$ cat my_file_20.cif   # mmCIF, N, CA and C atoms
data_entry
loop_
_atom_site.group_PDB
_atom_site.id
_atom_site.type_symbol
_atom_site.label_atom_id
_atom_site.label_comp_id
_atom_site.auth_asym_id
_atom_site.auth_seq_id
_atom_site.Cartn_x
_atom_site.Cartn_y
_atom_site.Cartn_z
ATOM 1 N N MET A 1 107.867 -34.871 33.748
ATOM 2 C CA MET A 1 106.579 -35.480 33.505
ATOM 3 C C MET A 1 105.451 -34.570 33.997
ATOM 4 N N LEU A 2 105.583 -34.054 35.210
ATOM 5 C CA LEU A 2 104.559 -33.178 35.760
ATOM 6 C C LEU A 2 104.470 -31.888 34.960
ATOM 7 N N GLY A 3 105.620 -31.302 34.670
ATOM 8 C CA GLY A 3 105.624 -30.080 33.871
ATOM 9 C C GLY A 3 104.992 -30.297 32.513
ATOM 10 N N THR A 4 105.265 -31.433 31.911
ATOM 11 C CA THR A 4 104.689 -31.757 30.606
ATOM 12 C C THR A 4 103.179 -31.880 30.701
ATOM 13 N N ALA A 5 102.700 -32.551 31.720
ATOM 14 C CA ALA A 5 101.258 -32.731 31.885
ATOM 15 C C ALA A 5 100.549 -31.394 32.069
ATOM 16 N N LEU A 6 101.104 -30.535 32.917
ATOM 17 C CA LEU A 6 100.496 -29.222 33.125
ATOM 18 C C LEU A 6 100.560 -28.385 31.859
ATOM 19 N N ARG A 7 101.695 -28.434 31.173
ATOM 20 C CA ARG A 7 101.841 -27.682 29.933
ATOM 21 C C ARG A 7 100.812 -28.114 28.914
ATOM 22 N N GLN A 8 100.567 -29.417 28.805
ATOM 23 C CA GLN A 8 99.588 -29.921 27.846
ATOM 24 C C GLN A 8 98.186 -29.428 28.191
ATOM 25 N N LEU A 9 97.856 -29.402 29.465
ATOM 26 C CA LEU A 9 96.551 -28.897 29.879
ATOM 27 C C LEU A 9 96.401 -27.417 29.534
ATOM 28 N N ILE A 10 97.458 -26.657 29.751
ATOM 29 C CA ILE A 10 97.418 -25.224 29.481
ATOM 30 C C ILE A 10 97.360 -24.962 27.979
ATOM 31 N N LEU A 11 98.239 -25.621 27.226
ATOM 32 C CA LEU A 11 98.303 -25.381 25.784
ATOM 33 C C LEU A 11 97.051 -25.846 25.063
ATOM 34 N N SER A 12 96.430 -26.891 25.565
ATOM 35 C CA SER A 12 95.220 -27.406 24.913
ATOM 36 C C SER A 12 94.015 -26.507 25.186
ATOM 37 N N GLY A 13 94.178 -25.580 26.102
ATOM 38 C CA GLY A 13 93.060 -24.713 26.462
ATOM 39 C C GLY A 13 92.179 -25.326 27.531
ATOM 40 N N ALA A 14 92.560 -26.508 28.023
ATOM 41 C CA ALA A 14 91.782 -27.153 29.079
ATOM 42 C C ALA A 14 91.836 -26.340 30.367
ATOM 43 N N ILE A 15 92.909 -25.595 30.542
ATOM 44 C CA ILE A 15 93.035 -24.703 31.696
ATOM 45 C C ILE A 15 93.232 -23.288 31.172
ATOM 46 N N ARG A 16 92.350 -22.410 31.568
ATOM 47 C CA ARG A 16 92.423 -21.011 31.171
ATOM 48 C C ARG A 16 92.765 -20.169 32.402
ATOM 49 N N PRO A 17 93.209 -18.915 32.164
ATOM 50 C CA PRO A 17 93.508 -18.052 33.311
ATOM 51 C C PRO A 17 92.323 -17.998 34.268
ATOM 52 N N GLU A 18 92.609 -18.036 35.536
ATOM 53 C CA GLU A 18 91.623 -17.980 36.615
ATOM 54 C C GLU A 18 90.803 -19.262 36.756
ATOM 55 N N GLU A 19 91.010 -20.242 35.889
ATOM 56 C CA GLU A 19 90.312 -21.519 35.998
ATOM 57 C C GLU A 19 91.116 -22.442 36.905
ATOM 58 N N LYS A 20 90.401 -23.242 37.711
ATOM 59 C CA LYS A 20 91.128 -24.064 38.670
ATOM 60 C C LYS A 20 91.872 -25.209 37.986
ATOM 61 N N LEU A 21 93.023 -25.526 38.549
ATOM 62 C CA LEU A 21 93.841 -26.651 38.101
ATOM 63 C C LEU A 21 93.316 -27.923 38.745
ATOM 64 N N PRO A 22 93.711 -29.080 38.226
ATOM 65 C CA PRO A 22 93.309 -30.326 38.894
ATOM 66 C C PRO A 22 93.820 -30.323 40.334
ATOM 67 N N SER A 23 93.057 -30.944 41.223
ATOM 68 C CA SER A 23 93.498 -31.013 42.618
ATOM 69 C C SER A 23 94.776 -31.832 42.700
ATOM 70 N N VAL A 24 95.476 -31.675 43.801
ATOM 71 C CA VAL A 24 96.713 -32.425 44.024
ATOM 72 C C VAL A 24 96.429 -33.923 43.926
ATOM 73 N N ARG A 25 95.386 -34.382 44.612
ATOM 74 C CA ARG A 25 95.045 -35.810 44.584
ATOM 75 C C ARG A 25 94.636 -36.276 43.194
ATOM 76 N N GLU A 26 93.832 -35.474 42.517
ATOM 77 C CA GLU A 26 93.373 -35.841 41.176
ATOM 78 C C GLU A 26 94.555 -35.986 40.213
ATOM 79 N N LEU A 27 95.443 -35.007 40.212
ATOM 80 C CA LEU A 27 96.587 -35.045 39.309
ATOM 81 C C LEU A 27 97.550 -36.164 39.686
ATOM 82 N N ALA A 28 97.726 -36.376 40.982
ATOM 83 C CA ALA A 28 98.600 -37.468 41.432
ATOM 84 C C ALA A 28 98.061 -38.812 40.953
ATOM 85 N N GLY A 29 96.749 -38.987 41.019
ATOM 86 C CA GLY A 29 96.141 -40.225 40.542
ATOM 87 C C GLY A 29 96.277 -40.401 39.042
ATOM 88 N N GLN A 30 96.060 -39.323 38.289
ATOM 89 C CA GLN A 30 96.164 -39.384 36.823
ATOM 90 C C GLN A 30 97.574 -39.723 36.372
ATOM 91 N N LEU A 31 98.567 -39.177 37.062
ATOM 92 C CA LEU A 31 99.955 -39.331 36.633
ATOM 93 C C LEU A 31 100.711 -40.407 37.410
ATOM 94 N N ALA A 32 100.046 -41.010 38.387
ATOM 95 C CA ALA A 32 100.684 -42.013 39.251
ATOM 96 C C ALA A 32 101.960 -41.449 39.892
ATOM 97 N N ILE A 33 101.817 -40.258 40.462
ATOM 98 C CA ILE A 33 102.913 -39.560 41.131
ATOM 99 C C ILE A 33 102.496 -39.323 42.585
ATOM 100 N N ASN A 34 103.438 -39.322 43.474
ATOM 101 C CA ASN A 34 103.179 -39.054 44.876
ATOM 102 C C ASN A 34 102.536 -37.669 45.025
ATOM 103 N N PRO A 35 101.448 -37.549 45.776
ATOM 104 C CA PRO A 35 100.806 -36.240 45.962
ATOM 105 C C PRO A 35 101.746 -35.168 46.503
ATOM 106 N N ASN A 36 102.729 -35.569 47.311
ATOM 107 C CA ASN A 36 103.688 -34.580 47.822
ATOM 108 C C ASN A 36 104.493 -33.945 46.695
ATOM 109 N N THR A 37 104.777 -34.714 45.659
ATOM 110 C CA THR A 37 105.500 -34.188 44.502
ATOM 111 C C THR A 37 104.656 -33.155 43.777
ATOM 112 N N ILE A 38 103.364 -33.452 43.619
ATOM 113 C CA ILE A 38 102.451 -32.509 42.968
ATOM 114 C C ILE A 38 102.349 -31.238 43.802
ATOM 115 N N GLN A 39 102.158 -31.408 45.104
ATOM 116 C CA GLN A 39 102.022 -30.250 45.980
ATOM 117 C C GLN A 39 103.274 -29.375 45.945
ATOM 118 N N ARG A 40 104.438 -29.986 45.929
ATOM 119 C CA ARG A 40 105.704 -29.238 45.860
ATOM 120 C C ARG A 40 105.786 -28.458 44.543
ATOM 121 N N ALA A 41 105.393 -29.096 43.443
ATOM 122 C CA ALA A 41 105.426 -28.415 42.144
ATOM 123 C C ALA A 41 104.447 -27.247 42.116
ATOM 124 N N TYR A 42 103.253 -27.466 42.655
ATOM 125 C CA TYR A 42 102.270 -26.382 42.714
ATOM 126 C C TYR A 42 102.799 -25.219 43.562
ATOM 127 N N ARG A 43 103.431 -25.514 44.677
ATOM 128 C CA ARG A 43 103.968 -24.454 45.537
ATOM 129 C C ARG A 43 105.068 -23.664 44.823
ATOM 130 N N GLU A 44 105.899 -24.367 44.043
ATOM 131 C CA GLU A 44 106.950 -23.676 43.285
ATOM 132 C C GLU A 44 106.338 -22.774 42.216
ATOM 133 N N LEU A 45 105.315 -23.275 41.524
ATOM 134 C CA LEU A 45 104.642 -22.460 40.514
ATOM 135 C C LEU A 45 103.957 -21.260 41.165
ATOM 136 N N GLU A 46 103.424 -21.467 42.358
ATOM 137 C CA GLU A 46 102.796 -20.367 43.094
ATOM 138 C C GLU A 46 103.843 -19.320 43.477
ATOM 139 N N ALA A 47 104.982 -19.773 43.959
ATOM 140 C CA ALA A 47 106.053 -18.846 44.348
ATOM 141 C C ALA A 47 106.545 -18.033 43.149
ATOM 142 N N ASP A 48 106.474 -18.628 41.969
ATOM 143 C CA ASP A 48 106.886 -17.941 40.740
ATOM 144 C C ASP A 48 105.789 -17.039 40.183
ATOM 145 N N GLY A 49 104.603 -17.063 40.806
ATOM 146 C CA GLY A 49 103.503 -16.219 40.346
ATOM 147 C C GLY A 49 102.751 -16.768 39.149
ATOM 148 N N LEU A 50 102.964 -18.039 38.824
ATOM 149 C CA LEU A 50 102.328 -18.628 37.644
ATOM 150 C C LEU A 50 100.968 -19.247 37.957
ATOM 151 N N ILE A 51 100.774 -19.643 39.202
ATOM 152 C CA ILE A 51 99.467 -20.128 39.631
ATOM 153 C C ILE A 51 99.106 -19.456 40.951
ATOM 154 N N ALA A 52 97.819 -19.403 41.234
ATOM 155 C CA ALA A 52 97.326 -18.818 42.483
ATOM 156 C C ALA A 52 96.724 -19.932 43.332
ATOM 157 N N ARG A 53 96.830 -19.784 44.639
ATOM 158 C CA ARG A 53 96.322 -20.772 45.596
ATOM 159 C C ARG A 53 95.218 -20.129 46.417
ATOM 160 N N ARG A 54 94.097 -20.827 46.507
ATOM 161 C CA ARG A 54 92.982 -20.334 47.316
ATOM 162 C C ARG A 54 92.621 -21.409 48.334
ATOM 163 N N VAL A 55 92.625 -21.036 49.615
ATOM 164 C CA VAL A 55 92.310 -21.952 50.705
ATOM 165 C C VAL A 55 90.916 -21.610 51.225
ATOM 166 N N TYR A 56 90.069 -22.622 51.309
ATOM 167 C CA TYR A 56 88.724 -22.444 51.840
ATOM 168 C C TYR A 56 88.719 -22.812 53.323
ATOM 169 N N PRO A 57 88.105 -21.982 54.162
ATOM 170 C CA PRO A 57 88.084 -22.245 55.604
ATOM 171 C C PRO A 57 87.020 -23.286 55.963
ATOM 172 N N GLN A 58 87.350 -24.524 55.781
ATOM 173 C CA GLN A 58 86.411 -25.595 56.076
ATOM 174 C C GLN A 58 87.159 -26.826 56.539
ATOM 175 N N ILE A 59 86.432 -27.793 57.049
ATOM 176 C CA ILE A 59 87.011 -29.056 57.487
ATOM 177 C C ILE A 59 86.300 -30.153 56.720
ATOM 178 N N PRO A 60 86.972 -31.035 56.014
ATOM 179 C CA PRO A 60 88.411 -31.041 55.795
ATOM 180 C C PRO A 60 88.840 -29.854 54.935
ATOM 181 N N PRO A 61 90.113 -29.481 55.019
ATOM 182 C CA PRO A 61 90.599 -28.333 54.256
ATOM 183 C C PRO A 61 90.406 -28.525 52.753
ATOM 184 N N LYS A 62 90.096 -27.434 52.085
ATOM 185 C CA LYS A 62 89.954 -27.455 50.636
ATOM 186 C C LYS A 62 90.862 -26.376 50.067
ATOM 187 N N VAL A 63 91.670 -26.760 49.068
ATOM 188 C CA VAL A 63 92.586 -25.834 48.411
ATOM 189 C C VAL A 63 92.383 -25.951 46.911
ATOM 190 N N GLU A 64 92.317 -24.817 46.234
ATOM 191 C CA GLU A 64 92.235 -24.807 44.777
ATOM 192 C C GLU A 64 93.393 -23.985 44.222
ATOM 193 N N TYR A 65 93.924 -24.454 43.108
ATOM 194 C CA TYR A 65 94.985 -23.746 42.389
ATOM 195 C C TYR A 65 94.439 -23.332 41.032
ATOM 196 N N SER A 66 94.829 -22.146 40.575
ATOM 197 C CA SER A 66 94.404 -21.681 39.258
ATOM 198 C C SER A 66 95.560 -20.976 38.558
ATOM 199 N N LEU A 67 95.505 -20.969 37.252
ATOM 200 C CA LEU A 67 96.508 -20.317 36.429
ATOM 201 C C LEU A 67 96.323 -18.808 36.531
ATOM 202 N N THR A 68 97.386 -18.070 36.740
ATOM 203 C CA THR A 68 97.307 -16.608 36.791
ATOM 204 C C THR A 68 97.451 -16.042 35.375
ATOM 205 N N GLY A 69 97.184 -14.772 35.238
ATOM 206 C CA GLY A 69 97.392 -14.118 33.954
ATOM 207 C C GLY A 69 98.842 -14.198 33.516
ATOM 208 N N GLU A 70 99.747 -14.076 34.494
ATOM 209 C CA GLU A 70 101.172 -14.180 34.189
ATOM 210 C C GLU A 70 101.515 -15.583 33.684
ATOM 211 N N GLY A 71 100.918 -16.599 34.308
ATOM 212 C CA GLY A 71 101.136 -17.973 33.855
ATOM 213 C C GLY A 71 100.613 -18.172 32.441
ATOM 214 N N ALA A 72 99.445 -17.609 32.164
ATOM 215 C CA ALA A 72 98.864 -17.728 30.831
ATOM 216 C C ALA A 72 99.702 -17.006 29.786
ATOM 217 N N SER A 73 100.418 -15.964 30.213
ATOM 218 C CA SER A 73 101.237 -15.209 29.251
ATOM 219 C C SER A 73 102.394 -16.051 28.713
ATOM 220 N N LEU A 74 102.697 -17.171 29.370
ATOM 221 C CA LEU A 74 103.767 -18.058 28.899
ATOM 222 C C LEU A 74 103.320 -18.969 27.754
ATOM 223 N N ILE A 75 102.022 -19.082 27.537
ATOM 224 C CA ILE A 75 101.519 -20.019 26.528
ATOM 225 C C ILE A 75 102.118 -19.755 25.146
ATOM 226 N N PRO A 76 102.134 -18.524 24.645
ATOM 227 C CA PRO A 76 102.735 -18.311 23.317
ATOM 228 C C PRO A 76 104.219 -18.696 23.268
ATOM 229 N N ILE A 77 104.922 -18.465 24.357
ATOM 230 C CA ILE A 77 106.346 -18.822 24.415
ATOM 231 C C ILE A 77 106.507 -20.338 24.374
ATOM 232 N N LEU A 78 105.694 -21.039 25.153
ATOM 233 C CA LEU A 78 105.749 -22.501 25.149
ATOM 234 C C LEU A 78 105.378 -23.063 23.780
ATOM 235 N N ASP A 79 104.415 -22.417 23.115
ATOM 236 C CA ASP A 79 104.053 -22.831 21.750
ATOM 237 C C ASP A 79 105.263 -22.744 20.826
ATOM 238 N N GLN A 80 105.998 -21.639 20.917
ATOM 239 C CA GLN A 80 107.175 -21.453 20.068
ATOM 240 C C GLN A 80 108.247 -22.484 20.376
ATOM 241 N N ILE A 81 108.448 -22.793 21.642
ATOM 242 C CA ILE A 81 109.440 -23.805 22.016
ATOM 243 C C ILE A 81 109.040 -25.164 21.448
ATOM 244 N N CYS A 82 107.757 -25.500 21.541
ATOM 245 C CA CYS A 82 107.278 -26.777 20.990
ATOM 246 C C CYS A 82 107.481 -26.829 19.479
ATOM 247 N N GLU A 83 107.155 -25.746 18.803
ATOM 248 C CA GLU A 83 107.334 -25.689 17.349
ATOM 249 C C GLU A 83 108.802 -25.847 16.989
ATOM 250 N N TRP A 84 109.691 -25.184 17.734
ATOM 251 C CA TRP A 84 111.116 -25.302 17.464
ATOM 252 C C TRP A 84 111.570 -26.747 17.666
ATOM 253 N N GLY A 85 111.130 -27.370 18.749
ATOM 254 C CA GLY A 85 111.501 -28.756 19.025
ATOM 255 C C GLY A 85 111.048 -29.700 17.931
ATOM 256 N N GLU A 86 109.821 -29.506 17.453
ATOM 257 C CA GLU A 86 109.314 -30.359 16.376
ATOM 258 C C GLU A 86 110.094 -30.137 15.082
ATOM 259 N N ALA A 87 110.436 -28.891 14.812
ATOM 260 C CA ALA A 87 111.181 -28.581 13.587
ATOM 261 C C ALA A 87 112.596 -29.143 13.623
ATOM 262 N N HIS A 88 113.165 -29.290 14.815
ATOM 263 C CA HIS A 88 114.546 -29.751 14.950
ATOM 264 C C HIS A 88 114.662 -31.172 15.485
ATOM 265 N N ARG A 89 113.558 -31.875 15.534
ATOM 266 C CA ARG A 89 113.554 -33.232 16.078
ATOM 267 C C ARG A 89 114.461 -34.161 15.294
ATOM 268 N N ASP A 90 114.414 -34.095 13.972
ATOM 269 C CA ASP A 90 115.226 -34.992 13.146
ATOM 270 C C ASP A 90 116.719 -34.776 13.375
ATOM 271 N N SER A 91 117.140 -33.517 13.455
ATOM 272 C CA SER A 91 118.562 -33.266 13.667
ATOM 273 C C SER A 91 118.981 -33.686 15.071
ATOM 274 N N ALA A 92 118.103 -33.531 16.045
ATOM 275 C CA ALA A 92 118.422 -33.969 17.415
ATOM 276 C C ALA A 92 118.525 -35.487 17.480
ATOM 277 N N ASN A 93 117.624 -36.190 16.788
ATOM 278 C CA ASN A 93 117.662 -37.648 16.766
ATOM 279 C C ASN A 93 118.928 -38.134 16.053
ATOM 280 N N LYS A 94 119.315 -37.451 14.975
ATOM 281 C CA LYS A 94 120.528 -37.832 14.244
ATOM 282 C C LYS A 94 121.749 -37.673 15.139
ATOM 283 N N PHE A 95 121.794 -36.556 15.868
ATOM 284 C CA PHE A 95 122.911 -36.308 16.776
ATOM 285 C C PHE A 95 122.959 -37.378 17.865
ATOM 286 N N ALA A 96 121.817 -37.728 18.428
ATOM 287 C CA ALA A 96 121.765 -38.734 19.505
ATOM 288 C C ALA A 96 122.206 -40.090 19.000
ATOM 289 N N ASN A 97 121.874 -40.430 17.766
ATOM 290 C CA ASN A 97 122.248 -41.728 17.203
ATOM 291 C C ASN A 97 123.736 -41.801 16.876
ATOM 292 N N GLU A 98 124.374 -40.642 16.618
ATOM 293 C CA GLU A 98 125.796 -40.631 16.299
ATOM 294 C C GLU A 98 126.664 -40.759 17.545
ATOM 295 N N SER A 99 126.101 -40.431 18.701
ATOM 296 C CA SER A 99 126.881 -40.449 19.953
ATOM 297 C C SER A 99 127.151 -41.838 20.442
#
$ encode --input "my_file_20.cif" --output "structure tokens"
Amino acid sequence: MLGTALRQLILSGAIRPEEKLPSVRELAGQLAINPNTIQRAYRELEADGLIARRVYPQIPPKVEYSLTGEGASLIPILDQICEWGEAHRDSANKFANES
């Protein structure tokens, strides 16, 4: 669910390279997911080099996440995967109904 939501934001162009991602709290509220789950996903994406984390030295702490160029380079690949899924949806549904 979280991956899908982020992918939709990226593919729609709502998030561009170097543009900040929704805050952990904002995304958690939109998706009705525990903020710790969002934070864990963001940290994993950061470790993979797909998003960047910027911490501001203030109280209360402020953290922003943004899509890296490497993360943006996945957009064409994700587009192709989506197109393949849509093209093969009928055969996948037929297979699922036969099981």
$ closest_residue --input "my_file_20.cif" --among "A:Thr68, A:Val24, A:Leu50, A:Asp79" --to "A:Asn36" --atoms "only C-alpha atoms"
A:Val24
$ resolve_selection --input "my_file_20.cif" --expression "the PyMOL selection byres (((chain A and resi 63 and name CA) around 8) and name CA)" --output "list in words"
Ser23, Arg53, Arg54, Val55, Tyr56, Pro61, Lys62, Glu64 and Tyr65 of chain A
$ write_last_selection --input "my_file_20.cif" --atoms "N, CA and C atoms" --output "PDB file, keeping the file's coordinate frame"
ATOM      1  N   SER A  23      93.057 -30.944  41.223  1.00  0.00           N
ATOM      2  CA  SER A  23      93.498 -31.013  42.618  1.00  0.00           C
ATOM      3  C   SER A  23      94.776 -31.832  42.700  1.00  0.00           C
ATOM      4  N   ARG A  53      96.830 -19.784  44.639  1.00  0.00           N
ATOM      5  CA  ARG A  53      96.322 -20.772  45.596  1.00  0.00           C
ATOM      6  C   ARG A  53      95.218 -20.129  46.417  1.00  0.00           C
ATOM      7  N   ARG A  54      94.097 -20.827  46.507  1.00  0.00           N
ATOM      8  CA  ARG A  54      92.982 -20.334  47.316  1.00  0.00           C
ATOM      9  C   ARG A  54      92.621 -21.409  48.334  1.00  0.00           C
ATOM     10  N   VAL A  55      92.625 -21.036  49.615  1.00  0.00           N
ATOM     11  CA  VAL A  55      92.310 -21.952  50.705  1.00  0.00           C
ATOM     12  C   VAL A  55      90.916 -21.610  51.225  1.00  0.00           C
ATOM     13  N   TYR A  56      90.069 -22.622  51.309  1.00  0.00           N
ATOM     14  CA  TYR A  56      88.724 -22.444  51.840  1.00  0.00           C
ATOM     15  C   TYR A  56      88.719 -22.812  53.323  1.00  0.00           C
ATOM     16  N   PRO A  61      90.113 -29.481  55.019  1.00  0.00           N
ATOM     17  CA  PRO A  61      90.599 -28.333  54.256  1.00  0.00           C
ATOM     18  C   PRO A  61      90.406 -28.525  52.753  1.00  0.00           C
ATOM     19  N   LYS A  62      90.096 -27.434  52.085  1.00  0.00           N
ATOM     20  CA  LYS A  62      89.954 -27.455  50.636  1.00  0.00           C
ATOM     21  C   LYS A  62      90.862 -26.376  50.067  1.00  0.00           C
ATOM     22  N   GLU A  64      92.317 -24.817  46.234  1.00  0.00           N
ATOM     23  CA  GLU A  64      92.235 -24.807  44.777  1.00  0.00           C
ATOM     24  C   GLU A  64      93.393 -23.985  44.222  1.00  0.00           C
ATOM     25  N   TYR A  65      93.924 -24.454  43.108  1.00  0.00           N
ATOM     26  CA  TYR A  65      94.985 -23.746  42.389  1.00  0.00           C
ATOM     27  C   TYR A  65      94.439 -23.332  41.032  1.00  0.00           C
TER      28      TYR A  65
END
$ closest_residue --input "my_file_20.cif" --among "A:Gly85, A:Pro22, A:Gly71, A:Pro76" --to "A:Asp48" --atoms "only N, CA and C atoms"
A:Gly71
$ atom_distance --input "my_file_20.cif" --atom1 "atom CA of A:Tyr42" --atom2 "atom CA of A:Ala28"
11.7 Å
$ atom_distance --input "my_file_20.cif" --atom1 "atom CA of A:Glu19" --atom2 "atom CA of A:Leu74"
15.6 Å
$ resolve_selection --input "my_file_20.cif" --expression "the PyMOL selection byres ((chain A and resi 69) around 8)" --output "list of chain:residue names"
A:Arg16, A:Pro17, A:Glu18, A:Gly49, A:Leu50, A:Ile51, A:Ala52, A:Ser66, A:Leu67, A:Thr68, A:Glu70, A:Gly71, A:Ala72, A:Ser73, A:Leu74
$ atom_distance --input "my_file_20.cif" --atom1 "atom CA of A:Gln39" --atom2 "atom CA of A:Leu21"
11.9 Å
$ axis_aligned_box --input "my_file_20.cif" --around "stretch 69-77 of chain A" --padding-each-side "4 Å" --output "AutoDock Vina command-line options"
--center_x 101.8 --center_y -17.2 --center_z 29.3 --size_x 17.3 --size_y 14.3 --size_z 20.0
$ decode --input "my_file_20.cif" --residues "stretch 82-90 of chain A" --atoms "all heavy atoms" --output "PDB file, in the first residue's frame"
ATOM      1  N   CYS A  82       3.928  -1.234 -15.072  1.00  0.00           N
ATOM      2  CA  CYS A  82       2.486  -0.946 -15.026  1.00  0.00           C
ATOM      3  C   CYS A  82       1.818  -1.294 -16.353  1.00  0.00           C
ATOM      4  O   CYS A  82       0.730  -1.890 -16.378  1.00  0.00           O
ATOM      5  CB  CYS A  82       2.239   0.519 -14.688  1.00  0.00           C
ATOM      6  SG  CYS A  82       2.628   0.935 -12.990  1.00  0.00           S
ATOM      7  N   GLU A  83       2.450  -0.920 -17.447  1.00  0.00           N
ATOM      8  CA  GLU A  83       1.900  -1.228 -18.771  1.00  0.00           C
ATOM      9  C   GLU A  83       1.804  -2.732 -18.969  1.00  0.00           C
ATOM     10  O   GLU A  83       0.811  -3.237 -19.491  1.00  0.00           O
ATOM     11  CB  GLU A  83       2.771  -0.601 -19.859  1.00  0.00           C
ATOM     12  CG  GLU A  83       2.668   0.902 -19.928  1.00  0.00           C
ATOM     13  CD  GLU A  83       3.683   1.520 -20.871  1.00  0.00           C
ATOM     14  OE1 GLU A  83       4.315   0.782 -21.669  1.00  0.00           O
ATOM     15  OE2 GLU A  83       3.859   2.755 -20.805  1.00  0.00           O
ATOM     16  N   TRP A  84       2.838  -3.472 -18.556  1.00  0.00           N
ATOM     17  CA  TRP A  84       2.809  -4.920 -18.692  1.00  0.00           C
ATOM     18  C   TRP A  84       1.668  -5.504 -17.860  1.00  0.00           C
ATOM     19  O   TRP A  84       0.926  -6.368 -18.327  1.00  0.00           O
ATOM     20  CB  TRP A  84       4.143  -5.524 -18.239  1.00  0.00           C
ATOM     21  CG  TRP A  84       4.202  -7.006 -18.423  1.00  0.00           C
ATOM     22  CD1 TRP A  84       4.634  -7.676 -19.523  1.00  0.00           C
ATOM     23  CD2 TRP A  84       3.785  -8.002 -17.479  1.00  0.00           C
ATOM     24  NE1 TRP A  84       4.517  -9.029 -19.316  1.00  0.00           N
ATOM     25  CE2 TRP A  84       3.998  -9.263 -18.083  1.00  0.00           C
ATOM     26  CE3 TRP A  84       3.258  -7.960 -16.199  1.00  0.00           C
ATOM     27  CZ2 TRP A  84       3.702 -10.447 -17.437  1.00  0.00           C
ATOM     28  CZ3 TRP A  84       2.959  -9.145 -15.545  1.00  0.00           C
ATOM     29  CH2 TRP A  84       3.182 -10.373 -16.169  1.00  0.00           C
ATOM     30  N   GLY A  85       1.517  -5.032 -16.631  1.00  0.00           N
ATOM     31  CA  GLY A  85       0.449  -5.519 -15.762  1.00  0.00           C
ATOM     32  C   GLY A  85      -0.925  -5.273 -16.349  1.00  0.00           C
ATOM     33  O   GLY A  85      -1.800  -6.145 -16.306  1.00  0.00           O
ATOM     34  N   GLU A  86      -1.124  -4.083 -16.910  1.00  0.00           N
ATOM     35  CA  GLU A  86      -2.417  -3.772 -17.523  1.00  0.00           C
ATOM     36  C   GLU A  86      -2.669  -4.641 -18.752  1.00  0.00           C
ATOM     37  O   GLU A  86      -3.776  -5.106 -18.975  1.00  0.00           O
ATOM     38  CB  GLU A  86      -2.473  -2.295 -17.879  1.00  0.00           C
ATOM     39  CG  GLU A  86      -2.579  -1.398 -16.662  1.00  0.00           C
ATOM     40  CD  GLU A  86      -2.466   0.073 -16.987  1.00  0.00           C
ATOM     41  OE1 GLU A  86      -2.437   0.447 -18.184  1.00  0.00           O
ATOM     42  OE2 GLU A  86      -2.410   0.872 -16.030  1.00  0.00           O
ATOM     43  N   ALA A  87      -1.627  -4.875 -19.527  1.00  0.00           N
ATOM     44  CA  ALA A  87      -1.775  -5.694 -20.735  1.00  0.00           C
ATOM     45  C   ALA A  87      -2.069  -7.150 -20.402  1.00  0.00           C
ATOM     46  O   ALA A  87      -2.711  -7.852 -21.182  1.00  0.00           O
ATOM     47  CB  ALA A  87      -0.512  -5.600 -21.596  1.00  0.00           C
ATOM     48  N   HIS A  88      -1.611  -7.617 -19.246  1.00  0.00           N
ATOM     49  CA  HIS A  88      -1.777  -9.021 -18.870  1.00  0.00           C
ATOM     50  C   HIS A  88      -2.800  -9.236 -17.762  1.00  0.00           C
ATOM     51  O   HIS A  88      -2.910 -10.331 -17.222  1.00  0.00           O
ATOM     52  CB  HIS A  88      -0.418  -9.609 -18.457  1.00  0.00           C
ATOM     53  CG  HIS A  88       0.545  -9.672 -19.598  1.00  0.00           C
ATOM     54  ND1 HIS A  88       1.357  -8.622 -19.933  1.00  0.00           N
ATOM     55  CD2 HIS A  88       0.791 -10.643 -20.495  1.00  0.00           C
ATOM     56  CE1 HIS A  88       2.069  -8.954 -20.985  1.00  0.00           C
ATOM     57  NE2 HIS A  88       1.758 -10.167 -21.348  1.00  0.00           N
ATOM     58  N   ARG A  89      -3.556  -8.212 -17.453  1.00  0.00           N
ATOM     59  CA  ARG A  89      -4.534  -8.301 -16.369  1.00  0.00           C
ATOM     60  C   ARG A  89      -5.578  -9.370 -16.632  1.00  0.00           C
ATOM     61  O   ARG A  89      -5.919 -10.149 -15.749  1.00  0.00           O
ATOM     62  CB  ARG A  89      -5.223  -6.959 -16.170  1.00  0.00           C
ATOM     63  CG  ARG A  89      -6.191  -6.947 -15.022  1.00  0.00           C
ATOM     64  CD  ARG A  89      -6.876  -5.633 -14.845  1.00  0.00           C
ATOM     65  NE  ARG A  89      -6.030  -4.542 -15.327  1.00  0.00           N
ATOM     66  CZ  ARG A  89      -6.329  -3.276 -15.228  1.00  0.00           C
ATOM     67  NH1 ARG A  89      -7.429  -2.917 -14.665  1.00  0.00           N
ATOM     68  NH2 ARG A  89      -5.537  -2.339 -15.687  1.00  0.00           N
ATOM     69  N   ASP A  90      -6.093  -9.440 -17.850  1.00  0.00           N
ATOM     70  CA  ASP A  90      -7.139 -10.416 -18.168  1.00  0.00           C
ATOM     71  C   ASP A  90      -6.644 -11.850 -18.000  1.00  0.00           C
ATOM     72  O   ASP A  90      -7.337 -12.682 -17.430  1.00  0.00           O
ATOM     73  CB  ASP A  90      -7.673 -10.200 -19.582  1.00  0.00           C
ATOM     74  CG  ASP A  90      -8.467  -8.901 -19.697  1.00  0.00           C
ATOM     75  OD1 ASP A  90      -8.973  -8.404 -18.659  1.00  0.00           O
ATOM     76  OD2 ASP A  90      -8.572  -8.375 -20.818  1.00  0.00           O
TER      77      ASP A  90
END
